[in-house]
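For reference, entry04.pdb is printed below; it contains PDB, C-alpha atoms.
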ATOM      1  CA  MET A   1    -108.568  78.762  -1.892
ATOM      2  CA  LYS A   2    -108.362  82.473  -1.131
ATOM      3  CA  LYS A   3    -112.131  82.770  -1.441
ATOM      4  CA  ILE A   4    -112.669  79.984   1.071
ATOM      5  CA  LYS A   5    -110.351  81.706   3.519
ATOM      6  CA  ILE A   6    -112.260  84.983   3.200
ATOM      7  CA  ILE A   7    -115.590  83.229   3.745
ATOM      8  CA  LEU A   8    -114.209  81.435   6.806
ATOM      9  CA  VAL A   9    -112.887  84.653   8.313
ATOM     10  CA  VAL A  10    -116.202  86.412   7.685
ATOM     11  CA  LEU A  11    -118.075  83.533   9.318
ATOM     12  CA  ILE A  12    -115.817  83.548  12.355
ATOM     13  CA  VAL A  13    -116.129  87.315  12.762
ATOM     14  CA  LEU A  14    -119.922  87.049  12.406
ATOM     15  CA  PHE A  15    -119.974  84.277  14.993
ATOM     16  CA  ILE A  16    -118.032  86.448  17.431
ATOM     17  CA  ILE A  17    -120.250  89.473  16.800
ATOM     18  CA  ILE A  18    -123.496  87.589  17.417
ATOM     19  CA  GLN A  19    -122.216  86.524  20.837
ATOM     20  CA  PHE A  20    -122.790  90.109  21.981
ATOM     21  CA  ILE A  21    -126.496  90.087  21.097
ATOM     22  CA  PRO A  22    -128.450  89.307  24.261
ATOM     23  CA  ALA A  23    -130.475  86.105  23.923
ATOM     24  CA  GLY A  24    -133.064  87.067  26.519
ATOM     25  CA  ILE A  25    -133.192  83.774  28.371
ATOM     26  CA  PRO A  26    -135.278  84.396  31.510
ATOM     27  CA  ARG A  27    -133.477  84.021  34.830
ATOM     28  CA  ASN A  28    -134.352  81.316  37.301
ATOM     29  CA  LYS A  29    -136.131  82.373  40.471
ATOM     30  CA  PRO A  30    -136.206  80.608  43.810
ATOM     31  CA  GLU A  31    -139.304  78.447  44.248
ATOM     32  CA  ASP A  32    -142.002  79.886  46.515
ATOM     33  CA  GLU A  33    -145.507  78.806  47.620
ATOM     34  CA  LYS A  34    -146.888  79.693  44.196
ATOM     35  CA  SER A  35    -145.088  76.742  42.611
ATOM     36  CA  ILE A  36    -147.023  73.576  41.886
ATOM     37  CA  ALA A  37    -144.058  71.677  43.361
ATOM     38  CA  LYS A  38    -144.891  73.165  46.788
ATOM     39  CA  SER A  39    -148.558  72.196  46.584
ATOM     40  CA  SER A  40    -150.207  68.928  47.537
ATOM     41  CA  LEU A  41    -151.422  68.539  43.951
ATOM     42  CA  VAL A  42    -148.303  66.792  42.751
ATOM     43  CA  THR A  43    -145.873  64.451  44.455
ATOM     44  CA  GLY A  44    -143.388  61.669  43.881
ATOM     45  CA  GLN A  45    -143.183  60.082  40.489
ATOM     46  CA  VAL A  46    -145.363  62.645  38.704
ATOM     47  CA  LEU A  47    -143.415  65.592  40.089
ATOM     48  CA  ASN A  48    -140.153  63.931  39.068
ATOM     49  CA  GLN A  49    -141.452  63.400  35.556
ATOM     50  CA  LEU A  50    -142.705  66.986  35.272
ATOM     51  CA  LYS A  51    -139.286  68.190  36.374
ATOM     52  CA  LYS A  52    -137.528  66.004  33.817
ATOM     53  CA  SER A  53    -139.868  66.569  30.875
ATOM     54  CA  CYS A  54    -141.476  69.985  31.350
ATOM     55  CA  PHE A  55    -139.785  72.251  33.897
ATOM     56  CA  ASP A  56    -136.973  73.459  31.621
ATOM     57  CA  CYS A  57    -139.458  75.516  29.580
ATOM     58  CA  HIS A  58    -142.492  75.605  31.877
ATOM     59  CA  SER A  59    -141.053  76.767  35.207
ATOM     60  CA  ASP A  60    -138.553  79.198  36.711
ATOM     61  CA  GLN A  61    -136.230  76.244  37.349
ATOM     62  CA  THR A  62    -134.626  75.900  33.925
ATOM     63  CA  LYS A  63    -131.524  73.734  33.747
ATOM     64  CA  LEU A  64    -129.555  75.389  31.006
ATOM     65  CA  PRO A  65    -127.152  73.309  28.913
ATOM     66  CA  TRP A  66    -123.687  74.653  28.003
ATOM     67  CA  TYR A  67    -124.795  75.729  24.529
ATOM     68  CA  ALA A  68    -127.325  78.108  26.111
ATOM     69  CA  LYS A  69    -124.420  80.534  26.433
ATOM     70  CA  ILE A  70    -123.561  80.425  22.751
ATOM     71  CA  ALA A  71    -125.426  82.182  19.947
ATOM     72  CA  PRO A  72    -127.261  81.201  17.806
ATOM     73  CA  SER A  73    -128.395  78.183  19.861
ATOM     74  CA  SER A  74    -129.053  80.516  22.809
ATOM     75  CA  TRP A  75    -131.637  82.372  20.686
ATOM     76  CA  LEU A  76    -133.474  79.165  19.894
ATOM     77  CA  LEU A  77    -133.535  78.187  23.558
ATOM     78  CA  SER A  78    -134.662  81.628  24.598
ATOM     79  CA  GLY A  79    -137.568  81.479  22.147
ATOM     80  CA  HIS A  80    -138.674  78.077  23.417
ATOM     81  CA  ILE A  81    -138.384  78.986  27.095
ATOM     82  CA  ASN A  82    -140.169  82.336  26.776
ATOM     83  CA  GLU A  83    -142.951  80.853  24.693
ATOM     84  CA  GLY A  84    -143.286  77.845  26.970
ATOM     85  CA  LYS A  85    -143.628  79.996  30.066
ATOM     86  CA  SER A  86    -146.157  82.282  28.402
ATOM     87  CA  HIS A  87    -148.460  79.297  27.953
ATOM     88  CA  LEU A  88    -147.777  77.575  31.266
ATOM     89  CA  ASN A  89    -145.454  78.297  34.171
ATOM     90  CA  PHE A  90    -145.577  75.662  36.903
ATOM     91  CA  SER A  91    -143.672  78.027  39.210
ATOM     92  CA  GLU A  92    -146.604  80.477  39.132
ATOM     93  CA  TRP A  93    -149.313  77.841  39.409
ATOM     94  CA  GLU A  94    -151.205  79.561  42.225
ATOM     95  CA  ASP A  95    -151.580  82.723  40.132
ATOM     96  CA  TYR A  96    -153.910  80.869  37.764
ATOM     97  CA  SER A  97    -157.652  80.844  38.435
ATOM     98  CA  ARG A  98    -159.408  77.532  39.006
ATOM     99  CA  ARG A  99    -160.772  77.723  35.475
ATOM    100  CA  GLU A 100    -157.317  78.337  34.042
ATOM    101  CA  LYS A 101    -155.854  75.473  36.060
ATOM    102  CA  ILE A 102    -158.427  73.042  34.688
ATOM    103  CA  GLY A 103    -157.873  74.423  31.178
ATOM    104  CA  LEU A 104    -154.119  73.987  31.539
ATOM    105  CA  LEU A 105    -154.398  70.449  32.919
ATOM    106  CA  GLU A 106    -156.587  69.438  29.983
ATOM    107  CA  ALA A 107    -154.108  71.103  27.596
ATOM    108  CA  ILE A 108    -151.219  69.216  29.232
ATOM    109  CA  LYS A 109    -153.119  65.988  28.681
ATOM    110  CA  ASP A 110    -153.780  66.816  25.004
ATOM    111  CA  GLU A 111    -150.194  67.887  24.339
ATOM    112  CA  VAL A 112    -148.662  64.870  26.011
ATOM    113  CA  GLU A 113    -151.070  62.313  24.540
ATOM    114  CA  SER A 114    -150.697  63.714  21.027
ATOM    115  CA  GLY A 115    -146.905  63.682  21.352
ATOM    116  CA  ASN A 116    -146.621  67.423  20.645
ATOM    117  CA  MET A 117    -144.889  67.862  23.983
ATOM    118  CA  PRO A 118    -142.084  67.646  24.935
ATOM    119  CA  LEU A 119    -140.797  69.161  21.683
ATOM    120  CA  LYS A 120    -138.963  66.756  19.381
ATOM    121  CA  SER A 121    -135.916  69.027  19.260
ATOM    122  CA  TYR A 122    -135.755  69.013  23.065
ATOM    123  CA  LEU A 123    -136.018  65.226  23.208
ATOM    124  CA  LEU A 124    -133.106  64.817  20.811
ATOM    125  CA  ILE A 125    -130.795  66.057  23.526
ATOM    126  CA  HIS A 126    -132.747  65.368  26.723
ATOM    127  CA  ARG A 127    -133.218  61.634  26.562
ATOM    128  CA  ASP A 128    -134.569  61.322  30.096
ATOM    129  CA  ALA A 129    -137.375  63.725  29.170
ATOM    130  CA  ARG A 130    -138.871  61.186  26.784
ATOM    131  CA  LEU A 131    -142.316  59.877  27.625
ATOM    132  CA  ASP A 132    -143.151  56.268  26.862
ATOM    133  CA  SER A 133    -146.779  55.128  26.875
ATOM    134  CA  GLU A 134    -146.592  54.253  30.563
ATOM    135  CA  LYS A 135    -145.369  57.722  31.512
ATOM    136  CA  ILE A 136    -147.952  59.322  29.239
ATOM    137  CA  SER A 137    -150.755  57.483  30.989
ATOM    138  CA  LEU A 138    -149.262  58.373  34.377
ATOM    139  CA  LEU A 139    -149.389  62.075  33.459
ATOM    140  CA  SER A 140    -152.850  61.818  31.844
ATOM    141  CA  LYS A 141    -154.240  60.164  34.938
ATOM    142  CA  TRP A 142    -152.649  62.841  37.088
ATOM    143  CA  THR A 143    -154.170  65.698  35.024
ATOM    144  CA  SER A 144    -157.610  64.230  35.249
ATOM    145  CA  GLU A 145    -157.434  63.472  38.998
ATOM    146  CA  THR A 146    -156.051  66.934  39.680
ATOM    147  CA  SER A 147    -158.878  68.579  37.699
ATOM    148  CA  ASP A 148    -161.343  66.611  39.810
ATOM    149  CA  LYS A 149    -159.670  67.867  42.981
ATOM    150  CA  ILE A 150    -159.856  71.458  41.746
ATOM    151  CA  LEU A 151    -163.531  71.038  40.870
ATOM    152  CA  GLU A 152    -164.420  69.767  44.369
TER     153      GLU A 152
ATOM    154  CA  MET B   1    -184.892  61.581 -28.107
ATOM    155  CA  LYS B   2    -184.318  58.076 -26.849
ATOM    156  CA  ILE B   3    -186.356  56.837 -23.920
ATOM    157  CA  SER B   4    -183.205  56.149 -21.895
ATOM    158  CA  SER B   5    -182.027  59.748 -22.092
ATOM    159  CA  CYS B   6    -185.524  60.902 -21.195
ATOM    160  CA  ILE B   7    -185.351  58.721 -18.072
ATOM    161  CA  VAL B   8    -181.923  60.074 -17.147
ATOM    162  CA  ILE B   9    -183.106  63.666 -17.459
ATOM    163  CA  ALA B  10    -186.284  62.885 -15.494
ATOM    164  CA  LEU B  11    -184.183  61.278 -12.751
ATOM    165  CA  ILE B  12    -181.857  64.279 -12.570
ATOM    166  CA  ILE B  13    -184.826  66.643 -12.310
ATOM    167  CA  ALA B  14    -186.488  64.450  -9.667
ATOM    168  CA  GLY B  15    -183.211  64.288  -7.754
ATOM    169  CA  PHE B  16    -182.920  68.055  -7.902
ATOM    170  CA  PHE B  17    -186.348  68.436  -6.302
ATOM    171  CA  LEU B  18    -185.646  65.765  -3.705
ATOM    172  CA  ILE B  19    -182.462  67.397  -2.381
ATOM    173  CA  GLN B  20    -184.387  70.628  -1.749
ATOM    174  CA  GLY B  21    -185.837  68.926   1.306
ATOM    175  CA  TYR B  22    -182.380  68.345   2.785
ATOM    176  CA  PRO B  23    -180.649  71.650   3.313
ATOM    177  CA  ALA B  24    -177.096  71.555   4.639
ATOM    178  CA  VAL B  25    -177.120  71.876   8.423
ATOM    179  CA  LYS B  26    -175.756  75.327   9.105
ATOM    180  CA  THR B  27    -176.793  75.965  12.682
ATOM    181  CA  MET B  28    -176.114  74.242  15.933
ATOM    182  CA  GLN B  29    -178.187  71.165  16.529
ATOM    183  CA  ASN B  30    -177.378  70.544  20.148
ATOM    184  CA  SER B  31    -177.522  73.998  21.621
ATOM    185  CA  GLY B  32    -180.489  74.241  23.953
ATOM    186  CA  SER B  33    -178.715  73.568  27.185
ATOM    187  CA  ILE B  34    -175.797  75.942  27.290
ATOM    188  CA  TYR B  35    -175.954  78.650  24.639
ATOM    189  CA  THR B  36    -178.034  81.834  24.772
ATOM    190  CA  THR B  37    -179.762  82.973  21.587
ATOM    191  CA  ALA B  38    -177.306  85.829  21.031
ATOM    192  CA  VAL B  39    -174.283  83.588  21.589
ATOM    193  CA  LYS B  40    -175.695  80.911  19.328
ATOM    194  CA  LYS B  41    -176.206  83.463  16.561
ATOM    195  CA  VAL B  42    -172.554  84.573  16.676
ATOM    196  CA  ILE B  43    -171.317  80.979  16.756
ATOM    197  CA  ASP B  44    -173.580  79.984  13.855
ATOM    198  CA  ASN B  45    -172.384  82.891  11.728
ATOM    199  CA  LYS B  46    -168.696  83.011  12.587
ATOM    200  CA  CYS B  47    -167.501  79.690  14.007
ATOM    201  CA  TYR B  48    -169.854  76.866  13.160
ATOM    202  CA  GLY B  49    -168.754  76.453   9.548
ATOM    203  CA  CYS B  50    -165.451  74.892  10.649
ATOM    204  CA  HIS B  51    -166.146  73.731  14.208
ATOM    205  CA  SER B  52    -168.941  71.324  13.298
ATOM    206  CA  ASN B  53    -169.537  68.311  11.107
ATOM    207  CA  ASN B  54    -169.730  70.725   8.155
ATOM    208  CA  GLY B  55    -166.103  71.630   8.695
ATOM    209  CA  LYS B  56    -163.455  70.517   6.257
ATOM    210  CA  SER B  57    -160.473  70.976   8.549
ATOM    211  CA  GLN B  58    -159.799  68.082  10.898
ATOM    212  CA  VAL B  59    -157.595  70.335  13.020
ATOM    213  CA  ALA B  60    -160.531  72.667  13.653
ATOM    214  CA  LYS B  61    -162.812  69.754  14.455
ATOM    215  CA  ASN B  62    -160.337  68.185  16.847
ATOM    216  CA  ALA B  63    -159.856  71.461  18.649
ATOM    217  CA  LEU B  64    -163.521  72.282  19.172
ATOM    218  CA  MET B  65    -166.954  70.978  18.203
ATOM    219  CA  TRP B  66    -169.688  73.306  19.399
ATOM    220  CA  ASP B  67    -172.341  70.590  19.147
ATOM    221  CA  ASN B  68    -170.407  68.383  21.579
ATOM    222  CA  LEU B  69    -169.960  70.899  24.401
ATOM    223  CA  PRO B  70    -173.336  70.246  26.095
ATOM    224  CA  ASP B  71    -172.488  66.541  26.420
ATOM    225  CA  LEU B  72    -169.029  66.976  27.956
ATOM    226  CA  GLN B  73    -168.109  66.123  31.531
ATOM    227  CA  LYS B  74    -167.918  69.100  33.849
ATOM    228  CA  LYS B  75    -164.114  69.356  33.879
ATOM    229  CA  GLU B  76    -163.861  68.945  30.113
ATOM    230  CA  LEU B  77    -166.452  71.645  29.591
ATOM    231  CA  VAL B  78    -164.604  74.017  31.940
ATOM    232  CA  ALA B  79    -161.374  73.264  30.067
ATOM    233  CA  HIS B  80    -163.036  73.928  26.709
ATOM    234  CA  LEU B  81    -164.527  77.200  27.948
ATOM    235  CA  ASP B  82    -161.092  78.224  29.194
ATOM    236  CA  LYS B  83    -159.559  77.406  25.810
ATOM    237  CA  ILE B  84    -162.286  79.399  24.022
ATOM    238  CA  ILE B  85    -161.524  82.410  26.236
ATOM    239  CA  ARG B  86    -157.771  82.063  25.656
ATOM    240  CA  VAL B  87    -158.186  81.888  21.875
ATOM    241  CA  LEU B  88    -160.638  84.802  21.787
ATOM    242  CA  ARG B  89    -158.282  86.958  23.865
ATOM    243  CA  LYS B  90    -155.468  86.252  21.448
ATOM    244  CA  ASN B  91    -157.719  87.318  18.620
ATOM    245  CA  THR B  92    -156.626  84.513  16.318
ATOM    246  CA  MET B  93    -160.046  83.124  15.393
ATOM    247  CA  PRO B  94    -161.535  82.910  12.828
ATOM    248  CA  PRO B  95    -158.179  82.524  11.045
ATOM    249  CA  GLU B  96    -157.108  85.372   8.796
ATOM    250  CA  SER B  97    -157.100  83.102   5.749
ATOM    251  CA  ALA B  98    -160.759  82.195   6.322
ATOM    252  CA  VAL B  99    -161.734  85.845   6.785
ATOM    253  CA  LYS B 100    -159.905  86.742   3.592
ATOM    254  CA  ARG B 101    -161.981  84.212   1.667
ATOM    255  CA  ASN B 102    -165.188  85.192   3.395
ATOM    256  CA  PRO B 103    -165.076  88.681   4.942
ATOM    257  CA  ASP B 104    -168.469  88.108   6.621
ATOM    258  CA  MET B 105    -166.743  85.665   8.956
ATOM    259  CA  LYS B 106    -164.743  88.382  10.701
ATOM    260  CA  LEU B 107    -165.472  88.310  14.419
ATOM    261  CA  LEU B 108    -166.340  91.827  15.597
ATOM    262  CA  PRO B 109    -164.876  93.032  18.909
ATOM    263  CA  GLU B 110    -168.323  93.173  20.528
ATOM    264  CA  GLU B 111    -169.073  89.643  19.342
ATOM    265  CA  SER B 112    -165.791  88.380  20.769
ATOM    266  CA  LYS B 113    -166.619  90.104  24.071
ATOM    267  CA  LEU B 114    -170.072  88.530  24.092
ATOM    268  CA  LEU B 115    -168.622  85.050  23.630
ATOM    269  CA  GLN B 116    -165.953  85.689  26.273
ATOM    270  CA  SER B 117    -168.391  86.903  28.917
ATOM    271  CA  TRP B 118    -170.695  84.001  28.142
ATOM    272  CA  ALA B 119    -167.822  81.486  28.493
ATOM    273  CA  GLU B 120    -166.575  83.142  31.702
ATOM    274  CA  ALA B 121    -170.037  83.130  33.271
ATOM    275  CA  LYS B 122    -170.675  79.550  32.217
ATOM    276  CA  ALA B 123    -167.342  78.366  33.627
ATOM    277  CA  ASP B 124    -167.926  80.283  36.866
ATOM    278  CA  SER B 125    -171.328  78.673  37.283
ATOM    279  CA  LEU B 126    -169.744  75.238  36.847
ATOM    280  CA  LEU B 127    -167.013  76.002  39.377
ATOM    281  CA  ASN B 128    -169.311  77.214  42.138
TER     282      ASN B 128
END
Turn the structure described in the file into structure tokens.
Amino acid sequence: MKKIKIILVVLIVLFIIIQFIPAGIPRNKPEDEKSIAKSSLVTGQVLNQLKKSCFDCHSDQTKLPWYAKIAPSSWLLSGHINEGKSHLNFSEWEDYSRREKIGLLEAIKDEVESGNMPLKSYLLIHRDARLDSEKISLLSKWTSETSDKILE
Amino acid sequence: MKISSCIVIALIIAGFFLIQGYPAVKTMQNSGSIYTTAVKKVIDNKCYGCHSNNGKSQVAKNALMWDNLPDLQKKELVAHLDKIIRVLRKNTMPPESAVKRNPDMKLLPEESKLLQSWAEAKADSLLN
């Protein structure tokens, strides 16, 4: 019984200590003209779906849940968000070259169709981010039409 | 020796000679239209083993098949070229494990640069 108490105390102290380690979650920035949301490339239903399913890790408009403030879940979130943005940041869309945009659109299509994205762990909590086959084909169609527009 | 074993041995020997006429395909078959000779040589030596029908890894084949690039639609080709550039910049191909098994597969910095400039130029020409 004494042992269990010691372990519990140690765990609680550890938990408190790790709260002081910065998680490094990037800050949100106001949307400007560089964002895909401000362009004519995406509107309505598709934009809504991108916001629900992708923007938390692939834009500067992350909606952080309450557990983002608590370590160690904050570290996990920070890792996902930073990695997500390094691959694709919809808020900096206009900074990509035409080649990169087409490459990214094709990658979005692959990731969504293969079910790699959104991440399973994200979908566990964000139910409205889930993509059924109808939403997947909506996004696929959008990527391919948008690539065509960029190629014109 | 029995006749049957003689026949078996004869067949094995004949088979051995026959397969000499069918070497494993080790270089790109469908390369004329988009690759330069220098680029093709690097791809053949460093990439083609996995990113072709010879490859054993389905992941590698799904990601890129050099023989298929010339037949892709314009936007798909641009996207593939972009992916090639991204991967080369990250310096993750050929995978370390493959290089460990076969040190000749290591992609030299100048070879990586050659492939990158080729892919950039090709993509630019498609976009203009």
Run the PyMOL selection byres ((chain A) within 9 of (chain B)) mentally over the shown coordinates, then write out the matched residues as a list in words, using the chain letters and numbers from the document.
->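 Residues picked by the PyMOL selection byres ((chain A) within 9 of (chain B)): Arg98, Arg99, Glu100, Lys101, Ile102, Gly103, Leu104, Leu105, Glu106, Ala107, Ser144, Ser147, Asp148, Ile150, Leu151 and Glu152 of chain A.
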Residues within 10 Å of Lys40 in chain B, only C-alpha atoms, excluding chain neighbours under 6 positions, as a PyMOL selection string = chain B and resi 27-28+31-32+34+46-48+66+115
One-decimal distance in Å that lies between CA of Ala71 in chain A and CA of Leu14 in chain A =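 Computed distance, CA of Leu14 in chain A to CA of Ala71 in chain A, equals 10.5 Å.
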Expected selection from the PyMOL selection byres ((chain A and resi 112-118) around 9), given as a list in words |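 Those residues are Ser53, Cys54, Ala107, Ile108, Lys109, Asp110, Glu111, Leu119, Lys120, Ser121, Tyr122, Leu123, Ala129, Arg130, Leu131, Ser133, Ile136, Ser137, Leu139 and Ser140 of chain A.
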Would you write out those residues with C-alpha atoms, as an mmCIF file, in the frame of the given file?
data_model
loop_
_atom_site.group_PDB
_atom_site.id
_atom_site.type_symbol
_atom_site.label_atom_id
_atom_site.label_comp_id
_atom_site.auth_asym_id
_atom_site.auth_seq_id
_atom_site.Cartn_x
_atom_site.Cartn_y
_atom_site.Cartn_z
ATOM 1 C CA SER A 53 -139.868 66.569 30.875
ATOM 2 C CA CYS A 54 -141.476 69.985 31.350
ATOM 3 C CA ALA A 107 -154.108 71.103 27.596
ATOM 4 C CA ILE A 108 -151.219 69.216 29.232
ATOM 5 C CA LYS A 109 -153.119 65.988 28.681
ATOM 6 C CA ASP A 110 -153.780 66.816 25.004
ATOM 7 C CA GLU A 111 -150.194 67.887 24.339
ATOM 8 C CA LEU A 119 -140.797 69.161 21.683
ATOM 9 C CA LYS A 120 -138.963 66.756 19.381
ATOM 10 C CA SER A 121 -135.916 69.027 19.260
ATOM 11 C CA TYR A 122 -135.755 69.013 23.065
ATOM 12 C CA LEU A 123 -136.018 65.226 23.208
ATOM 13 C CA ALA A 129 -137.375 63.725 29.170
ATOM 14 C CA ARG A 130 -138.871 61.186 26.784
ATOM 15 C CA LEU A 131 -142.316 59.877 27.625
ATOM 16 C CA SER A 133 -146.779 55.128 26.875
ATOM 17 C CA ILE A 136 -147.952 59.322 29.239
ATOM 18 C CA SER A 137 -150.755 57.483 30.989
ATOM 19 C CA LEU A 139 -149.389 62.075 33.459
ATOM 20 C CA SER A 140 -152.850 61.818 31.844
#
What is the CA of Thr43 in chain A-CA of Glu31 in chain A distance in Å, reported with one decimal?
-> 15.5 Å
Residues within 10 Å of Ala38 in chain B, only C-alpha atoms, excluding chain neighbours under 6 positions, as a compact mmCIF listing (two decimals) with C-alpha atoms, in the frame of the given file:
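Contents of the output file result08.txt:
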# COMPACT_ATOMS: atom_id res chain seq x y z
CA ASP B 44 -173.58 79.98 13.86
CA GLU B 111 -169.07 89.64 19.34
CA LEU B 114 -170.07 88.53 24.09
CA LEU B 115 -168.62 85.05 23.63
CA TRP B 118 -170.70 84.00 28.14
Resolved residues for the PyMOL selection byres ((chain A and resi 75) around 12) as a ChimeraX atom specification = /A:18-26,67-74,76-82
Rounded to one decimal in Å, what is the spacing between CA of Lys85 in chain A and CA of Gln49 in chain A?
->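 A separation of 17.6 Å between them.
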Once N, CA, C and O atoms are restored for range 109-122 of chain B, what would the output be as a PDB file, keeping the file's coordinate frame?
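Final output, result38.pdb:
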ATOM      1  N   PRO B 109    -165.304  92.960  17.507  1.00  0.00           N
ATOM      2  CA  PRO B 109    -164.876  93.032  18.909  1.00  0.00           C
ATOM      3  C   PRO B 109    -166.029  92.794  19.890  1.00  0.00           C
ATOM      4  O   PRO B 109    -165.861  92.101  20.894  1.00  0.00           O
ATOM      5  N   GLU B 110    -167.207  93.344  19.580  1.00  0.00           N
ATOM      6  CA  GLU B 110    -168.323  93.173  20.528  1.00  0.00           C
ATOM      7  C   GLU B 110    -168.811  91.719  20.536  1.00  0.00           C
ATOM      8  O   GLU B 110    -169.269  91.212  21.556  1.00  0.00           O
ATOM      9  N   GLU B 111    -168.674  91.052  19.387  1.00  0.00           N
ATOM     10  CA  GLU B 111    -169.073  89.643  19.342  1.00  0.00           C
ATOM     11  C   GLU B 111    -168.099  88.786  20.144  1.00  0.00           C
ATOM     12  O   GLU B 111    -168.500  87.868  20.859  1.00  0.00           O
ATOM     13  N   SER B 112    -166.805  89.103  20.021  1.00  0.00           N
ATOM     14  CA  SER B 112    -165.791  88.380  20.769  1.00  0.00           C
ATOM     15  C   SER B 112    -166.036  88.563  22.269  1.00  0.00           C
ATOM     16  O   SER B 112    -165.960  87.620  23.053  1.00  0.00           O
ATOM     17  N   LYS B 113    -166.342  89.810  22.655  1.00  0.00           N
ATOM     18  CA  LYS B 113    -166.619  90.104  24.071  1.00  0.00           C
ATOM     19  C   LYS B 113    -167.818  89.312  24.564  1.00  0.00           C
ATOM     20  O   LYS B 113    -167.820  88.779  25.666  1.00  0.00           O
ATOM     21  N   LEU B 114    -168.849  89.265  23.724  1.00  0.00           N
ATOM     22  CA  LEU B 114    -170.072  88.530  24.092  1.00  0.00           C
ATOM     23  C   LEU B 114    -169.755  87.065  24.372  1.00  0.00           C
ATOM     24  O   LEU B 114    -170.155  86.505  25.396  1.00  0.00           O
ATOM     25  N   LEU B 115    -168.987  86.461  23.451  1.00  0.00           N
ATOM     26  CA  LEU B 115    -168.622  85.050  23.630  1.00  0.00           C
ATOM     27  C   LEU B 115    -167.765  84.864  24.883  1.00  0.00           C
ATOM     28  O   LEU B 115    -167.936  83.909  25.630  1.00  0.00           O
ATOM     29  N   GLN B 116    -166.829  85.809  25.105  1.00  0.00           N
ATOM     30  CA  GLN B 116    -165.953  85.689  26.273  1.00  0.00           C
ATOM     31  C   GLN B 116    -166.738  85.790  27.569  1.00  0.00           C
ATOM     32  O   GLN B 116    -166.546  84.982  28.483  1.00  0.00           O
ATOM     33  N   SER B 117    -167.646  86.776  27.649  1.00  0.00           N
ATOM     34  CA  SER B 117    -168.391  86.903  28.917  1.00  0.00           C
ATOM     35  C   SER B 117    -169.307  85.705  29.119  1.00  0.00           C
ATOM     36  O   SER B 117    -169.489  85.257  30.246  1.00  0.00           O
ATOM     37  N   TRP B 118    -169.861  85.206  28.017  1.00  0.00           N
ATOM     38  CA  TRP B 118    -170.695  84.001  28.142  1.00  0.00           C
ATOM     39  C   TRP B 118    -169.864  82.836  28.676  1.00  0.00           C
ATOM     40  O   TRP B 118    -170.274  82.152  29.619  1.00  0.00           O
ATOM     41  N   ALA B 119    -168.670  82.616  28.086  1.00  0.00           N
ATOM     42  CA  ALA B 119    -167.822  81.486  28.493  1.00  0.00           C
ATOM     43  C   ALA B 119    -167.360  81.652  29.942  1.00  0.00           C
ATOM     44  O   ALA B 119    -167.325  80.681  30.707  1.00  0.00           O
ATOM     45  N   GLU B 120    -167.011  82.898  30.322  1.00  0.00           N
ATOM     46  CA  GLU B 120    -166.575  83.142  31.702  1.00  0.00           C
ATOM     47  C   GLU B 120    -167.704  82.843  32.687  1.00  0.00           C
ATOM     48  O   GLU B 120    -167.502  82.159  33.693  1.00  0.00           O
ATOM     49  N   ALA B 121    -168.901  83.334  32.370  1.00  0.00           N
ATOM     50  CA  ALA B 121    -170.037  83.130  33.271  1.00  0.00           C
ATOM     51  C   ALA B 121    -170.386  81.643  33.377  1.00  0.00           C
ATOM     52  O   ALA B 121    -170.649  81.127  34.460  1.00  0.00           O
ATOM     53  N   LYS B 122    -170.345  80.979  32.230  1.00  0.00           N
ATOM     54  CA  LYS B 122    -170.675  79.550  32.217  1.00  0.00           C
ATOM     55  C   LYS B 122    -169.662  78.763  33.056  1.00  0.00           C
ATOM     56  O   LYS B 122    -170.034  77.904  33.853  1.00  0.00           O
TER      57      LYS B 122
END
